[in-house]
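**Q** File name run-v4.cif; file contents mmCIF, C-alpha atoms; full text below.
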```cif
data_structure
#
loop_
_atom_site.label_atom_id
_atom_site.label_comp_id
_atom_site.auth_asym_id
_atom_site.auth_seq_id
_atom_site.Cartn_x
_atom_site.Cartn_y
_atom_site.Cartn_z
CA MET A 11 -2.07 -13.49 33.14
CA ASP A 12 1.38 -12.13 33.79
CA VAL A 13 1.78 -8.46 33.19
CA LEU A 14 3.33 -7.94 29.78
CA LYS A 15 6.36 -5.67 29.71
CA GLU A 16 7.17 -4.21 26.37
CA ASP A 17 10.68 -3.41 25.19
CA ARG A 18 9.44 -0.81 22.75
CA VAL A 19 6.24 1.09 21.96
CA LEU A 20 5.08 1.87 18.44
CA ASP A 21 2.17 4.29 18.13
CA CYS A 22 0.24 3.92 14.88
CA SER A 23 -2.71 6.01 16.03
CA GLY A 24 -4.42 7.81 13.18
CA LEU A 25 -2.79 5.64 10.50
CA LEU A 26 -4.75 3.48 8.08
CA CYS A 27 -3.94 0.26 6.22
CA PRO A 28 -1.27 -0.81 5.40
CA LEU A 29 0.77 1.50 7.63
CA PRO A 30 0.26 -0.28 11.00
CA VAL A 31 1.38 -3.57 9.43
CA VAL A 32 4.31 -2.02 7.57
CA LYS A 33 5.53 -0.03 10.58
CA THR A 34 5.10 -3.00 12.93
CA SER A 35 7.11 -5.21 10.60
CA LYS A 36 9.89 -2.62 10.47
CA ALA A 37 9.88 -2.08 14.25
CA ILE A 38 9.93 -5.78 15.12
CA LYS A 39 13.03 -6.28 13.00
CA GLU A 40 14.80 -3.71 15.16
CA LEU A 41 14.14 -5.77 18.32
CA SER A 42 16.10 -8.82 19.42
CA VAL A 43 14.50 -12.25 19.32
CA GLY A 44 12.35 -12.67 22.43
CA GLN A 45 11.75 -8.95 22.94
CA ILE A 46 8.23 -7.55 22.98
CA LEU A 47 6.75 -4.74 20.92
CA LYS A 48 3.65 -2.89 22.06
CA MET A 49 1.77 -1.44 19.11
CA ILE A 50 -1.11 1.01 19.44
CA ALA A 51 -3.54 1.63 16.58
CA THR A 52 -6.89 3.28 15.94
CA ASP A 53 -7.66 1.62 12.60
CA PRO A 54 -10.51 -0.90 13.16
CA GLY A 55 -8.86 -3.06 10.49
CA ALA A 56 -5.79 -3.50 12.69
CA PRO A 57 -6.98 -6.40 14.91
CA PRO A 58 -7.71 -8.86 12.07
CA ASP A 59 -4.69 -7.62 10.11
CA MET A 60 -2.31 -8.05 13.02
CA GLU A 61 -3.57 -11.59 13.54
CA ALA A 62 -2.96 -12.40 9.89
CA TRP A 63 0.43 -10.69 9.97
CA SER A 64 1.38 -12.70 13.04
CA ARG A 65 0.36 -15.99 11.39
CA GLN A 66 2.26 -15.13 8.22
CA THR A 67 5.47 -13.92 9.85
CA GLY A 68 5.50 -16.31 12.81
CA ASN A 69 5.97 -13.47 15.28
CA GLU A 70 3.82 -14.18 18.30
CA LEU A 71 0.77 -12.01 18.97
CA LEU A 72 0.68 -12.32 22.76
CA LEU A 73 -2.30 -10.05 23.30
CA SER A 74 -4.76 -8.08 21.20
CA THR A 75 -6.90 -5.82 23.33
CA GLN A 76 -8.40 -2.35 23.69
CA GLU A 77 -7.28 0.44 26.00
CA ASP A 78 -8.85 3.89 26.15
CA GLY A 79 -10.69 3.31 22.90
CA LYS A 80 -7.54 2.26 21.05
CA PHE A 81 -6.37 -1.13 19.83
CA VAL A 82 -3.31 -2.43 21.62
CA PHE A 83 -1.13 -5.34 20.58
CA TYR A 84 1.75 -7.07 22.31
CA ILE A 85 3.97 -8.94 19.87
CA ARG A 86 7.01 -11.05 20.65
CA ARG A 87 9.73 -11.33 18.04
CA THR A 88 10.30 -15.05 17.49
CA LYS A 89 12.93 -15.18 14.76
CA MET B 5 14.57 -18.11 -5.00
CA ALA B 6 12.67 -20.75 -6.92
CA LYS B 7 9.44 -22.13 -5.58
CA SER B 8 10.87 -25.64 -5.64
CA ASP B 9 12.68 -24.60 -2.46
CA PRO B 10 10.32 -25.61 0.37
CA ASN B 11 11.64 -22.79 2.52
CA ALA B 12 10.93 -20.15 -0.10
CA PRO B 13 8.68 -17.34 1.13
CA LYS B 14 5.22 -16.85 -0.33
CA ARG B 15 5.15 -14.78 -3.47
CA LEU B 16 2.83 -12.04 -4.73
CA ALA B 17 2.90 -10.97 -8.37
CA ILE B 18 0.91 -7.89 -9.41
CA ILE B 19 0.33 -6.23 -12.75
CA ALA B 20 -0.29 -2.49 -12.29
CA SER B 21 -1.89 -1.28 -15.51
CA LYS B 22 -3.51 2.00 -14.46
CA GLY B 23 -1.93 5.30 -13.54
CA THR B 24 -4.68 7.29 -11.84
CA LEU B 25 -4.51 8.11 -8.15
CA ASP B 26 -7.28 5.70 -7.15
CA TRP B 27 -5.83 2.80 -9.12
CA ALA B 28 -2.27 3.54 -7.95
CA TYR B 29 -3.13 2.58 -4.39
CA PRO B 30 -4.02 -1.15 -4.58
CA PRO B 31 -0.68 -2.39 -5.99
CA PHE B 32 1.37 -0.37 -3.50
CA ILE B 33 -0.87 -1.15 -0.49
CA LEU B 34 -0.95 -4.88 -1.21
CA GLY B 35 2.71 -4.96 -2.18
CA THR B 36 3.97 -3.26 0.97
CA ALA B 37 1.62 -5.28 3.19
CA ALA B 38 2.75 -8.58 1.66
CA ALA B 39 6.42 -7.61 1.88
CA SER B 40 5.83 -6.71 5.53
CA MET B 41 4.56 -10.25 6.05
CA GLY B 42 7.79 -11.62 4.70
CA TRP B 43 6.53 -12.39 1.19
CA ASP B 44 8.45 -11.86 -2.02
CA VAL B 45 6.67 -9.21 -4.06
CA GLY B 46 7.02 -8.16 -7.67
CA ILE B 47 4.95 -5.50 -9.44
CA PHE B 48 4.94 -5.19 -13.21
CA PHE B 49 4.07 -1.63 -14.29
CA THR B 50 2.61 -1.62 -17.75
CA PHE B 51 0.62 0.74 -19.96
CA TYR B 52 -0.64 3.69 -17.89
CA GLY B 53 0.65 2.03 -14.73
CA LEU B 54 4.18 2.69 -15.96
CA THR B 55 3.84 6.36 -14.98
CA LEU B 56 3.86 5.25 -11.34
CA LEU B 57 7.60 4.66 -11.73
CA ARG B 58 8.34 8.26 -12.78
CA PRO B 59 10.50 10.10 -10.22
CA LYS B 60 7.85 12.78 -9.79
CA LEU B 61 4.45 11.23 -9.32
CA THR B 62 1.61 13.08 -10.95
CA ALA B 63 -1.16 10.52 -10.42
CA ALA B 64 -4.51 12.30 -10.52
CA ILE B 65 -8.07 11.18 -10.27
CA SER B 66 -11.05 11.66 -12.52
CA PRO B 67 -14.67 11.28 -11.44
CA LEU B 68 -15.42 10.70 -15.12
CA GLY B 69 -16.17 7.08 -15.77
CA ASN B 70 -16.16 6.50 -12.02
CA PRO B 71 -19.88 6.87 -11.40
CA ALA B 72 -19.70 5.24 -7.97
CA MET B 73 -17.02 7.63 -6.73
CA PRO B 74 -18.29 9.58 -3.72
CA MET B 75 -17.87 13.34 -4.11
CA LYS B 76 -17.31 14.51 -0.55
CA MET B 77 -15.63 17.52 1.01
CA PRO B 78 -12.57 16.97 3.24
CA PHE B 79 -13.33 20.03 5.42
CA GLY B 80 -16.19 21.60 7.34
CA PRO B 81 -18.53 20.16 9.99
CA PRO B 82 -19.02 16.35 10.01
CA ALA B 83 -22.55 16.58 8.59
CA PHE B 84 -21.23 18.67 5.70
CA GLN B 85 -18.42 16.18 5.06
CA GLN B 86 -20.95 13.36 4.89
CA ILE B 87 -22.80 14.91 1.96
CA ASN B 88 -22.28 13.01 -1.26
CA TRP B 89 -22.55 15.82 -3.82
CA PRO B 90 -24.72 14.77 -6.75
CA ILE B 91 -22.69 16.27 -9.58
CA PRO B 92 -23.74 15.03 -13.03
CA GLN B 93 -20.96 13.51 -15.15
CA LEU B 94 -21.83 15.96 -17.90
CA ILE B 95 -20.85 18.85 -15.65
CA MET B 96 -17.70 17.09 -14.44
CA ALA B 97 -16.66 16.61 -18.04
CA ASN B 98 -17.17 20.21 -19.04
CA VAL B 99 -15.99 22.29 -16.10
CA PRO B 100 -12.31 23.18 -16.64
CA GLY B 101 -10.15 22.12 -13.73
CA PHE B 102 -12.70 19.70 -12.34
CA ASN B 103 -10.25 16.78 -12.29
CA ALA B 104 -7.63 18.93 -10.56
CA LEU B 105 -10.20 19.90 -7.96
CA ALA B 106 -11.32 16.30 -7.45
CA THR B 107 -7.66 15.23 -7.12
CA THR B 108 -6.97 17.90 -4.51
CA LEU B 109 -10.05 16.96 -2.52
CA MET B 110 -9.24 13.24 -2.68
CA LYS B 111 -5.63 13.80 -1.56
CA GLN B 112 -6.81 16.00 1.31
CA THR B 113 -9.34 13.36 2.36
CA PHE B 114 -6.66 10.67 2.32
CA GLU B 115 -4.33 12.84 4.38
CA ASN B 116 -7.06 13.66 6.90
CA LYS B 117 -7.84 9.96 7.35
CA GLY B 118 -4.22 8.88 7.79
CA VAL B 119 -3.68 7.19 4.42
CA ALA B 120 -0.10 7.24 3.16
CA THR B 121 0.64 9.08 -0.08
CA ILE B 122 1.64 7.10 -3.17
CA GLU B 123 5.15 8.56 -2.79
CA GLU B 124 5.39 7.23 0.76
CA LEU B 125 4.09 3.79 -0.19
CA ARG B 126 6.49 3.59 -3.13
CA ASN B 127 9.42 4.51 -0.89
CA MET B 128 8.33 1.79 1.54
CA ALA B 129 8.10 -0.70 -1.31
CA VAL B 130 11.68 0.13 -2.31
CA GLU B 131 12.82 -0.19 1.29
CA LEU B 132 11.05 -3.56 1.58
CA GLU B 133 12.83 -4.72 -1.57
CA VAL B 134 9.70 -5.10 -3.64
CA ARG B 135 10.70 -5.82 -7.25
CA LEU B 136 9.44 -2.94 -9.37
CA ILE B 137 9.50 -3.87 -13.03
CA GLY B 138 8.81 -1.28 -15.73
CA CYS B 139 7.42 -2.56 -19.01
CA GLN B 140 9.90 -2.13 -21.88
CA MET B 141 7.20 -2.34 -24.54
CA THR B 142 5.22 0.50 -22.93
CA MET B 143 8.41 2.57 -22.78
CA ASP B 144 8.93 2.04 -26.49
CA VAL B 145 5.30 2.87 -27.32
CA PHE B 146 5.18 6.10 -25.32
CA GLY B 147 8.75 7.16 -26.03
CA PHE B 148 10.19 6.85 -22.52
CA LYS B 149 13.86 6.31 -21.71
CA ARG B 150 15.41 4.40 -18.81
CA GLU B 151 16.37 7.64 -17.07
CA ASP B 152 12.72 8.73 -17.06
CA PHE B 153 12.12 6.27 -14.23
CA ILE B 154 13.36 5.83 -10.68
CA PRO B 155 16.74 4.07 -10.52
CA GLN B 156 15.38 1.48 -8.07
CA CYS B 157 13.16 -0.11 -10.71
CA GLU B 158 14.24 -2.62 -13.30
CA ILE B 159 13.04 -2.80 -16.89
CA GLY B 160 11.67 -5.97 -18.40
CA GLY B 161 9.08 -7.48 -20.64
CA ALA B 162 6.25 -9.97 -20.44
CA ALA B 163 8.61 -12.92 -20.11
CA THR B 164 10.39 -11.30 -17.17
CA PHE B 165 7.12 -10.88 -15.31
CA LEU B 166 5.72 -14.26 -16.27
CA GLU B 167 8.80 -16.08 -15.09
CA TYR B 168 8.40 -14.37 -11.72
CA ALA B 169 4.63 -14.94 -11.63
CA ALA B 170 4.97 -18.61 -12.52
CA ASP B 171 6.16 -19.24 -8.98
CA ALA B 172 3.66 -16.88 -7.34
CA ASP B 173 1.11 -17.94 -4.74
CA VAL B 174 -1.03 -14.89 -5.49
CA SER B 175 -1.26 -13.10 -8.84
CA LEU B 176 -3.31 -9.97 -9.34
CA PHE B 177 -4.15 -7.72 -12.25
CA VAL B 178 -4.91 -4.16 -11.20
#
```
What would the structure in this file look like if it were written as structure tokens?
**A**
Amino acid sequence: MDVLKEDRVLDCSGLLCPLPVVKTSKAIKELSVGQILKMIATDPGAPPDMEAWSRQTGNELLLSTQEDGKFVFYIRRTK
Amino acid sequence: MAKSDPNAPKRLAIIASKGTLDWAYPPFILGTAAASMGWDVGIFFTFYGLTLLRPKLTAAISPLGNPAMPMKMPFGPPAFQQINWPIPQLIMANVPGFNALATTLMKQTFENKGVATIEELRNMAVELEVRLIGCQMTMDVFGFKREDFIPQCEIGGAATFLEYAADADVSLFV
């Protein structure tokens, strides 16, 4: 896989539902279409929630993974 | 936007009927999450839920009538925090200040765990353009005036909410 290069990082470590979703939604709107947001979270509810959020908003969840015990998401703004 | 428009976003309609701290969370959590997913959201605040539209939020919690509520301490070593204190309801009911104590402990626990406050969630809801509708009938019953509530809310009755909910994909009563 190509190395993903984010245009912006949003750290939601230590925040619980619904804050990662709300803050991601706000941050993605501040990017241009095509740009990539890297979001970091510690809430175990974040992976399923980010998938649902991506399906509902149409923004593309390029990668959902774990780094250093945290959940990491790469999201491309699509519209 | 009417639902007959095929491009209309999904819609969530919630009735918030309770004003305690624990019951204040679900409408605001679900409302802000749905709005963050691009949905239209409207919350109708009625009966005790109406107090959640006051400028200064005073939502408190009571362990009374909440027999499943864990009574845990938000400080101390992890093993201590895990203890679920077996306090009989009869004592909770009779010790002055018990609800204030429980409210303080619950708020501290929420803060420690990274849960937003009701104030923060309500501000987010306003920012996300969630429709906040205060119930006119409840205002009349409890003697509230328009200026007793945040300016960002609107005031309406059952018909106002029902018209909105008629086109909703998800309707919840909290």
**Q** Please list as a PDB file with C-alpha atoms, keeping the file's coordinate frame every residue within 9 Å of Ser66 (chain B), counting all atoms listed in the file and excluding residues in the same chain fewer than 5 positions away.
**A**
```
ATOM      1  CA  THR B  24      -4.680   7.290 -11.840  1.00  0.00           C
ATOM      2  CA  LEU B  25      -4.510   8.110  -8.150  1.00  0.00           C
ATOM      3  CA  ASP B  26      -7.280   5.700  -7.150  1.00  0.00           C
ATOM      4  CA  MET B  96     -17.700  17.090 -14.440  1.00  0.00           C
ATOM      5  CA  PHE B 102     -12.700  19.700 -12.340  1.00  0.00           C
ATOM      6  CA  ASN B 103     -10.250  16.780 -12.290  1.00  0.00           C
ATOM      7  CA  ALA B 104      -7.630  18.930 -10.560  1.00  0.00           C
ATOM      8  CA  ALA B 106     -11.320  16.300  -7.450  1.00  0.00           C
ATOM      9  CA  THR B 107      -7.660  15.230  -7.120  1.00  0.00           C
TER      10      THR B 107
END
```
**Q** For the file shown, what are the residues hit by the PyMOL selection byres ((chain B and resi 156) around 12), laid out as an mmCIF file with C-alpha atoms, keeping the file's coordinate frame?
**A**
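Saved the output as expr.cif:
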```cif
data_model
loop_
_atom_site.group_PDB
_atom_site.id
_atom_site.type_symbol
_atom_site.label_atom_id
_atom_site.label_comp_id
_atom_site.auth_asym_id
_atom_site.auth_seq_id
_atom_site.Cartn_x
_atom_site.Cartn_y
_atom_site.Cartn_z
ATOM 1 C CA LEU B 57 7.600 4.660 -11.730
ATOM 2 C CA ARG B 58 8.340 8.260 -12.780
ATOM 3 C CA PRO B 59 10.500 10.100 -10.220
ATOM 4 C CA ARG B 126 6.490 3.590 -3.130
ATOM 5 C CA ASN B 127 9.420 4.510 -0.890
ATOM 6 C CA MET B 128 8.330 1.790 1.540
ATOM 7 C CA ALA B 129 8.100 -0.700 -1.310
ATOM 8 C CA VAL B 130 11.680 0.130 -2.310
ATOM 9 C CA GLU B 131 12.820 -0.190 1.290
ATOM 10 C CA LEU B 132 11.050 -3.560 1.580
ATOM 11 C CA GLU B 133 12.830 -4.720 -1.570
ATOM 12 C CA VAL B 134 9.700 -5.100 -3.640
ATOM 13 C CA ARG B 135 10.700 -5.820 -7.250
ATOM 14 C CA LEU B 136 9.440 -2.940 -9.370
ATOM 15 C CA ILE B 137 9.500 -3.870 -13.030
ATOM 16 C CA GLY B 138 8.810 -1.280 -15.730
ATOM 17 C CA ARG B 150 15.410 4.400 -18.810
ATOM 18 C CA GLU B 151 16.370 7.640 -17.070
ATOM 19 C CA ASP B 152 12.720 8.730 -17.060
ATOM 20 C CA PHE B 153 12.120 6.270 -14.230
ATOM 21 C CA ILE B 154 13.360 5.830 -10.680
ATOM 22 C CA PRO B 155 16.740 4.070 -10.520
ATOM 23 C CA CYS B 157 13.160 -0.110 -10.710
ATOM 24 C CA GLU B 158 14.240 -2.620 -13.300
ATOM 25 C CA ILE B 159 13.040 -2.800 -16.890
#
```
**Q** Can you spell out as a list in words the set of residues that the PyMOL selection byres ((chain B) within 10 of (chain A)) selects in the structure I just provided?
**A**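 Applied to this file, the PyMOL selection byres ((chain B) within 10 of (chain A)) selects Pro13, Lys14, Phe32, Ile33, Leu34, Gly35, Thr36, Ala37, Ala38, Ala39, Ser40, Met41, Gly42, Trp43, Phe114, Glu115, Asn116, Lys117, Gly118, Val119, Ala120, Leu125, Met128, Ala129, Glu131 and Leu132 of chain B.
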**Q** Within 12 Å of (5.4, -21.3, -9.3), in the coordinates the file gives, what residues turn up when you count only C-alpha atoms, written out as number ranges by chain?
**A** B: 5-10, 12-17, 166-175
**Q** Please list as a count of residues only every residue within 9 Å of region 79-90 of chain B, counting all atoms listed in the file and excluding residues in the same chain fewer than 5 positions away.
**A** 3
**Q** Specify as a VMD selection string each residue included when the PyMOL selection byres ((chain B and resi 55) around 10) is applied to this file.
**A** chain B and resid 21 to 24 28 49 to 54 56 to 63 138 142 to 143 148 152 to 153
**Q** One number please: CA of Ser74 (chain A) to CA of Pro30 (chain B), in Å, one decimal.
**A**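 Value for the CA of Ser74 (chain A)-CA of Pro30 (chain B) distance: 26.7 Å.
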**Q** Once you count only C-alpha atoms, which residues end up no further than 12 Å from (7.9, -2.2, 29.8) in the file's frame, shown as a list in words?
**A** Val13, Leu14, Lys15, Glu16, Asp17, Arg18, Val19, Gln45, Ile46, Leu47, Lys48 and Tyr84 of chain A
**Q** To test the calculation: enclose all listed atoms of region 11-30 of chain A in a box whose edges run along x, y and z, add 6 Å on each side, then state centre and edge lengths in Å to one decimal, as JSON.
**A**
```
{"center_x": 3.0, "center_y": -2.8, "center_z": 19.6, "size_x": 27.4, "size_y": 33.3, "size_z": 40.4}
```
**Q** At what distance in Å, to one decimal, does CA of Leu94 (chain B) lie from CA of Met73 (chain B)?
**A** 14.7 Å
**Q** For a test of reading the model, state the distance in Å between CA of Leu105 (chain B) and CA of Trp27 (chain B), rounded to one decimal.
**A**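 Separating CA of Leu105 (chain B) from CA of Trp27 (chain B) is a distance of 17.7 Å.
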